[in-house]
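Peer 1: Sharing a structure, written as structure tokens. Questions coming.
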Amino acid sequence: MMTKTIIYISVLLMTILILSSVAFAAESSDSGKSTAEGKNVIAARVNGKDISLNSVEALADRIFRQRVRGHGDPQIDPSRIRKEAIDRLIFEELALQAAKHEGMKVDPADLEKRIADLISSSGGDDAFQKTLRERKLTEGEVRNDLSRSILLQNIFKKEIIDKTPPISDAEIEKAYEQQKDQFIVAEKIIVTDTVLFLSREDSGSADKAERVRMKILSDKDHDPMNLVPDGTFIVRELEVKKDKQPEIYAAAAGLKIGELSSVFATSDSMHIIKIREHIPEKRFTLSQMKGYLESTLTAAARKKRMHEWEADLRNNAKIEITDAGR
């Protein structure tokens with residue numbers, strides 16, 4: 001059964017890749033802890049362009065925080081997070097160099113709009129300046145980071161989004177056939193179950209059980225919950241599962257909403273049930289799942305294109321990782 005639906009948006013890959021792009025938008029005030037020493041320590045070089053140890057540690061910290069928030073598990077290998085941060089920064093630097101090689105430039109109007117949006121979201125210019133001071137950043141550094149973000153978005157769009165072929169109807173239909181058993185909402189049956197503490201071997205049990213049923217029917221709402229307990233039964237609300245309560249499920253399957261069953265026996269007790277809710281099993285159709293499937297297939301195709309492009313960039317690049325970056 002499909003228990004959750006994850007909708008992929010068109011900027012998924014860009015969001016993944018430019019997580020490190022805007023220092024001002026770091027997720028914690030701890031981002032202000034970068035040091036001059038860290039800025040001067042080199043973790044890697046990409047075609048002669050330095051990547052600082054500070055930037056690696058800041059991104060690794062943000063990745064770690066996201067993983068803990070997303071999975072609730074702080075037991076994450078720091079060395080793997082660090083490697084992921086270095087690899088991501090190397091890819092970003094290669095992408096930036098590719099953008100500059102192709103002559104891409106930042107539209108000044110776009111940059112000013114983003115600065116204005118950032119100031120507004122910070123609570124105004126005074127709050128913005130205060131945050132800059134707290135995080136030991138200059139406005140120039142923020143502008144550089146935003147310019148970097150814009151260039152990355154533009155080159156990712158050109159090289160990944162624009163170069164990923166659209167998903168065909170045939171691909172969507174094939175994916176639906178492969179996954180259709182996941183696109184099912186399970187049947188749901190909720191009953192009020194009167195469980196009778198009567199021995200099945202006692203010849204008088206059937207009559208006693210029927211008298212309880214008649215009491216239910218004499219109630220104006222035919223509601224077992226209105227029975228006065230006398231120690232011979234309990235009344236409970238039960239969600240019936242076919243695999244867990246097959247005998248009760250079989251009795252419930254033929255009843256309508258609000259209908260009271262006859263007395264019936266299971267392997268260990270006797271019951272009278274009333275149907276409260278019955279939602280039949282439902283399988284989502286191809287047309288209903290088309291948007292979801294197209295989104296997930298598109299995301300997968302873009303991810304594949306991203307890895308292909310990254311491999312091409314790395315093949316033609318000189319990449320050095322220093323001792324500090326290992």
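Just remember, in the structure tokens the first chain shown is A, the second B, etc., residues are 1-based per chain, and ligands are 1-based in the order shown.
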Please report, as a VMD selection string, each residue of range 54-107 of chain A to which DSSP assigns alpha helix (DSSP H) when run on this structure's backbone.
Peer 2: chain A and resid 54 to 71 78 to 101
Peer 1: So that I can see what lies close to Arg213 in chain A, please list as number ranges by chain the residues with an atom at most 9 Å from it, counting only C-alpha atoms and leaving out residues fewer than 3 positions away in the same chain.
Peer 2: A: 208-210, 216-218, 224, 260-263, 272
Peer 1: Could you turn the residues from that selection into a file that holds all heavy atoms, as a short mmCIF file (atom, residue, chain, number, x, y, z; two decimals), in the first residue's frame?
Peer 2:
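out-v4.cif, written as the output of this step:
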data_model
loop_
_atom_site.label_atom_id
_atom_site.label_comp_id
_atom_site.auth_asym_id
_atom_site.auth_seq_id
_atom_site.Cartn_x
_atom_site.Cartn_y
_atom_site.Cartn_z
N LYS A 208 -28.55 -16.66 26.00
CA LYS A 208 -28.06 -15.50 26.73
C LYS A 208 -27.53 -14.44 25.76
O LYS A 208 -27.76 -13.24 25.93
CB LYS A 208 -26.95 -15.93 27.70
CG LYS A 208 -27.44 -16.80 28.84
CD LYS A 208 -26.27 -17.27 29.69
CE LYS A 208 -26.74 -18.22 30.80
NZ LYS A 208 -25.61 -18.73 31.62
N ALA A 209 -26.81 -14.90 24.75
CA ALA A 209 -26.26 -13.98 23.76
C ALA A 209 -27.38 -13.28 22.99
O ALA A 209 -27.31 -12.08 22.71
CB ALA A 209 -25.34 -14.73 22.80
N GLU A 210 -28.43 -14.02 22.66
CA GLU A 210 -29.54 -13.43 21.92
C GLU A 210 -30.27 -12.39 22.76
O GLU A 210 -30.76 -11.39 22.22
CB GLU A 210 -30.50 -14.53 21.45
CG GLU A 210 -31.55 -14.06 20.46
CD GLU A 210 -30.93 -13.47 19.21
OE1 GLU A 210 -29.88 -13.97 18.72
OE2 GLU A 210 -31.50 -12.48 18.68
N ILE A 216 -29.77 -4.61 22.69
CA ILE A 216 -29.20 -3.62 21.75
C ILE A 216 -30.29 -3.12 20.80
O ILE A 216 -30.43 -1.91 20.57
CB ILE A 216 -28.03 -4.23 20.95
CG1 ILE A 216 -26.90 -4.65 21.88
CG2 ILE A 216 -27.50 -3.23 19.91
CD1 ILE A 216 -25.79 -5.45 21.22
N LEU A 217 -31.08 -4.04 20.28
CA LEU A 217 -32.14 -3.65 19.33
C LEU A 217 -33.22 -2.81 19.99
O LEU A 217 -33.89 -2.01 19.33
CB LEU A 217 -32.75 -4.90 18.71
CG LEU A 217 -31.86 -5.66 17.72
CD1 LEU A 217 -32.51 -6.97 17.30
CD2 LEU A 217 -31.57 -4.79 16.49
N SER A 218 -33.40 -2.99 21.31
CA SER A 218 -34.42 -2.21 22.00
C SER A 218 -33.96 -0.78 22.28
O SER A 218 -34.77 0.09 22.59
CB SER A 218 -34.81 -2.89 23.32
OG SER A 218 -33.72 -2.88 24.23
N PRO A 224 -24.64 -0.58 20.82
CA PRO A 224 -24.12 -1.43 21.90
C PRO A 224 -23.42 -0.65 23.00
O PRO A 224 -23.34 -1.11 24.14
CB PRO A 224 -23.13 -2.35 21.16
CG PRO A 224 -23.61 -2.37 19.75
CD PRO A 224 -24.13 -0.99 19.50
N LEU A 260 -26.73 -4.26 12.54
CA LEU A 260 -26.30 -5.12 13.63
C LEU A 260 -26.25 -6.56 13.17
O LEU A 260 -27.16 -7.04 12.49
CB LEU A 260 -27.27 -4.98 14.81
CG LEU A 260 -26.82 -5.57 16.16
CD1 LEU A 260 -25.68 -4.73 16.74
CD2 LEU A 260 -28.01 -5.61 17.13
N SER A 261 -25.19 -7.24 13.52
CA SER A 261 -25.05 -8.64 13.10
C SER A 261 -25.87 -9.55 14.01
O SER A 261 -26.34 -9.15 15.08
CB SER A 261 -23.59 -9.07 13.18
OG SER A 261 -23.18 -9.27 14.52
N SER A 262 -26.01 -10.77 13.58
CA SER A 262 -26.53 -11.80 14.46
C SER A 262 -25.41 -12.23 15.39
O SER A 262 -24.25 -11.80 15.24
CB SER A 262 -27.03 -12.99 13.65
OG SER A 262 -25.98 -13.51 12.86
N VAL A 263 -25.71 -13.05 16.38
CA VAL A 263 -24.66 -13.58 17.25
C VAL A 263 -23.82 -14.58 16.44
O VAL A 263 -24.36 -15.42 15.73
CB VAL A 263 -25.27 -14.29 18.48
CG1 VAL A 263 -24.16 -14.88 19.35
CG2 VAL A 263 -26.14 -13.32 19.28
N ILE A 272 -21.28 -9.86 18.87
CA ILE A 272 -22.31 -9.16 18.11
C ILE A 272 -21.65 -7.87 17.65
O ILE A 272 -21.08 -7.13 18.46
CB ILE A 272 -23.54 -8.81 18.99
CG1 ILE A 272 -24.12 -10.06 19.65
CG2 ILE A 272 -24.61 -8.11 18.15
CD1 ILE A 272 -25.08 -9.76 20.78
#
Peer 1: Which residues of range 192-283 of chain A come within 12 Å of range 160-181 of chain A, and for each one, what is the closest pair of atoms and their distance in Å to one decimal, counting only C-alpha atoms, sorted by chain and residue number, as a tab-separated table?
Peer 2:
residue	atom	partner	partner_atom	distance
A:Glu281	CA	A:Asp181	CA	11.8
A:Lys282	CA	A:Asp181	CA	10.7
A:Arg283	CA	A:Lys180	CA	7.8
Peer 1: So how many Å separate CA of Leu255 in chain A and CA of Pro280 in chain A, to one decimal?
Peer 2: 12.7 Å
Peer 1: Can you pull out every residue from range 81-312 of chain A that DSSP, working from the backbone, puts in strand (DSSP E or B), and format the result as number ranges by chain?
Peer 2: A: 184-185, 188-196, 233-240, 260, 264-265, 270-279, 282-283
Peer 1: Could you please take those selected residues and save N, CA and C atoms as a tab-separated table (two decimals), in the first residue's frame?
Peer 2:
chain	number	residue	atom	x	y	z
A	184	ILE	N	-2.56	1.72	-3.61
A	184	ILE	CA	-3.80	1.14	-3.08
A	184	ILE	C	-4.07	1.73	-1.69
A	185	VAL	N	-5.29	2.18	-1.49
A	185	VAL	CA	-5.75	2.55	-0.15
A	185	VAL	C	-6.44	1.32	0.41
A	188	LYS	N	-10.97	-0.31	4.96
A	188	LYS	CA	-11.06	0.05	6.37
A	188	LYS	C	-12.45	-0.28	6.89
A	189	ILE	N	-12.51	-1.12	7.91
A	189	ILE	CA	-13.78	-1.48	8.54
A	189	ILE	C	-13.66	-1.23	10.03
A	190	ILE	N	-14.56	-0.40	10.55
A	190	ILE	CA	-14.61	-0.14	11.99
A	190	ILE	C	-15.96	-0.60	12.51
A	191	VAL	N	-15.92	-1.40	13.57
A	191	VAL	CA	-17.15	-1.96	14.14
A	191	VAL	C	-17.20	-1.66	15.63
A	192	THR	N	-18.42	-1.67	16.14
A	192	THR	CA	-18.61	-1.76	17.59
A	192	THR	C	-18.81	-3.24	17.89
A	193	ASP	N	-17.90	-3.77	18.67
A	193	ASP	CA	-17.86	-5.22	18.90
A	193	ASP	C	-18.28	-5.52	20.34
A	194	THR	N	-19.38	-6.24	20.47
A	194	THR	CA	-19.81	-6.73	21.78
A	194	THR	C	-19.24	-8.13	21.96
A	195	VAL	N	-18.29	-8.25	22.87
A	195	VAL	CA	-17.63	-9.53	23.12
A	195	VAL	C	-18.29	-10.18	24.33
A	196	LEU	N	-18.84	-11.36	24.11
A	196	LEU	CA	-19.62	-12.04	25.15
A	196	LEU	C	-18.77	-13.09	25.86
A	233	PHE	N	-20.11	-9.25	29.41
A	233	PHE	CA	-19.66	-8.81	28.08
A	233	PHE	C	-18.85	-7.51	28.23
A	234	ILE	N	-18.14	-7.18	27.18
A	234	ILE	CA	-17.52	-5.86	27.05
A	234	ILE	C	-17.89	-5.33	25.67
A	235	VAL	N	-17.90	-4.02	25.53
A	235	VAL	CA	-18.16	-3.40	24.24
A	235	VAL	C	-16.93	-2.56	23.87
A	236	ARG	N	-16.44	-2.75	22.68
A	236	ARG	CA	-15.24	-2.04	22.24
A	236	ARG	C	-15.40	-1.59	20.80
A	237	GLU	N	-14.66	-0.56	20.43
A	237	GLU	CA	-14.59	-0.16	19.02
A	237	GLU	C	-13.37	-0.84	18.44
A	238	LEU	N	-13.52	-1.43	17.28
A	238	LEU	CA	-12.45	-2.25	16.71
A	238	LEU	C	-12.30	-1.97	15.23
A	239	GLU	N	-11.07	-1.74	14.81
A	239	GLU	CA	-10.79	-1.69	13.37
A	239	GLU	C	-10.42	-3.11	12.95
A	240	VAL	N	-11.20	-3.64	12.07
A	240	VAL	CA	-11.08	-5.05	11.71
A	240	VAL	C	-10.09	-5.22	10.56
A	260	LEU	N	-26.73	-4.26	12.54
A	260	LEU	CA	-26.30	-5.12	13.63
A	260	LEU	C	-26.25	-6.56	13.17
A	264	PHE	N	-22.50	-14.46	16.55
A	264	PHE	CA	-21.63	-15.42	15.87
A	264	PHE	C	-20.45	-15.74	16.77
A	265	ALA	N	-19.87	-16.88	16.52
A	265	ALA	CA	-18.77	-17.36	17.36
A	265	ALA	C	-17.45	-17.30	16.60
A	270	MET	N	-17.74	-15.23	21.67
A	270	MET	CA	-18.94	-14.95	20.88
A	270	MET	C	-19.06	-13.44	20.73
A	271	HIS	N	-19.66	-13.02	19.60
A	271	HIS	CA	-19.66	-11.59	19.27
A	271	HIS	C	-21.00	-11.16	18.68
A	272	ILE	N	-21.28	-9.86	18.87
A	272	ILE	CA	-22.31	-9.16	18.11
A	272	ILE	C	-21.65	-7.87	17.65
A	273	ILE	N	-21.68	-7.58	16.35
A	273	ILE	CA	-21.01	-6.38	15.86
A	273	ILE	C	-21.99	-5.46	15.15
A	274	LYS	N	-21.65	-4.18	15.18
A	274	LYS	CA	-22.39	-3.17	14.43
A	274	LYS	C	-21.38	-2.40	13.59
A	275	ILE	N	-21.66	-2.25	12.30
A	275	ILE	CA	-20.74	-1.57	11.40
A	275	ILE	C	-20.81	-0.06	11.61
A	276	ARG	N	-19.69	0.54	11.95
A	276	ARG	CA	-19.59	1.98	12.10
A	276	ARG	C	-19.11	2.66	10.82
A	277	GLU	N	-18.13	2.04	10.20
A	277	GLU	CA	-17.51	2.66	9.01
A	277	GLU	C	-16.99	1.55	8.11
A	278	HIS	N	-17.17	1.71	6.82
A	278	HIS	CA	-16.62	0.75	5.88
A	278	HIS	C	-16.18	1.50	4.62
A	279	ILE	N	-14.87	1.57	4.44
A	279	ILE	CA	-14.30	2.19	3.24
A	279	ILE	C	-13.67	1.07	2.41
A	282	LYS	N	-9.34	0.72	-2.41
A	282	LYS	CA	-9.34	1.53	-3.63
A	282	LYS	C	-7.96	1.55	-4.25
A	283	ARG	N	-7.91	1.29	-5.54
A	283	ARG	CA	-6.65	1.40	-6.27
A	283	ARG	C	-6.70	2.67	-7.11
Peer 1: Using only C-alpha atoms, pick whichever of A:Phe91, A:Thr131, A:Leu297, A:Gly123 has the shortest atom-to-atom distance to Asp312 in chain A.
Peer 2: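 Going through A:Phe91, A:Thr131, A:Leu297, A:Gly123 one by one, the smallest distance to Asp312 in chain A is for A:Phe91.
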Peer 1: Name the closest residue to Glu141 in chain A among the candidates A:Ile115, A:Ser121, A:Lys318, A:Arg80; distances are taken between atoms, counting only C-alpha atoms.
Peer 2: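 Going through A:Ile115, A:Ser121, A:Lys318, A:Arg80 one by one, the smallest distance to Glu141 in chain A is for A:Ile115.
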Peer 1: Which residue gives the smallest distance to Arg314 in chain A among A:Ala44, A:Leu227, A:Leu59, A:Ala95, with only C-alpha atoms counted?
Peer 2: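 Counting only C-alpha atoms, the residue closest to Arg314 in chain A is A:Ala95.
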Peer 1: Counting only C-alpha atoms, which residue out of A:Ala324, A:Ala127, A:Val68, A:Ile319 sits closest to Ile90 in chain A?
Peer 2: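 Among A:Ala324, A:Ala127, A:Val68, A:Ile319, it is A:Ile319 that comes nearest to Ile90 in chain A.
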Peer 1: I'd like to know which of A:Ala250, A:Ala99, A:Leu53, A:Val41 is closest to Gln153 in chain A, using only C-alpha atoms.
Peer 2: A:Ala99
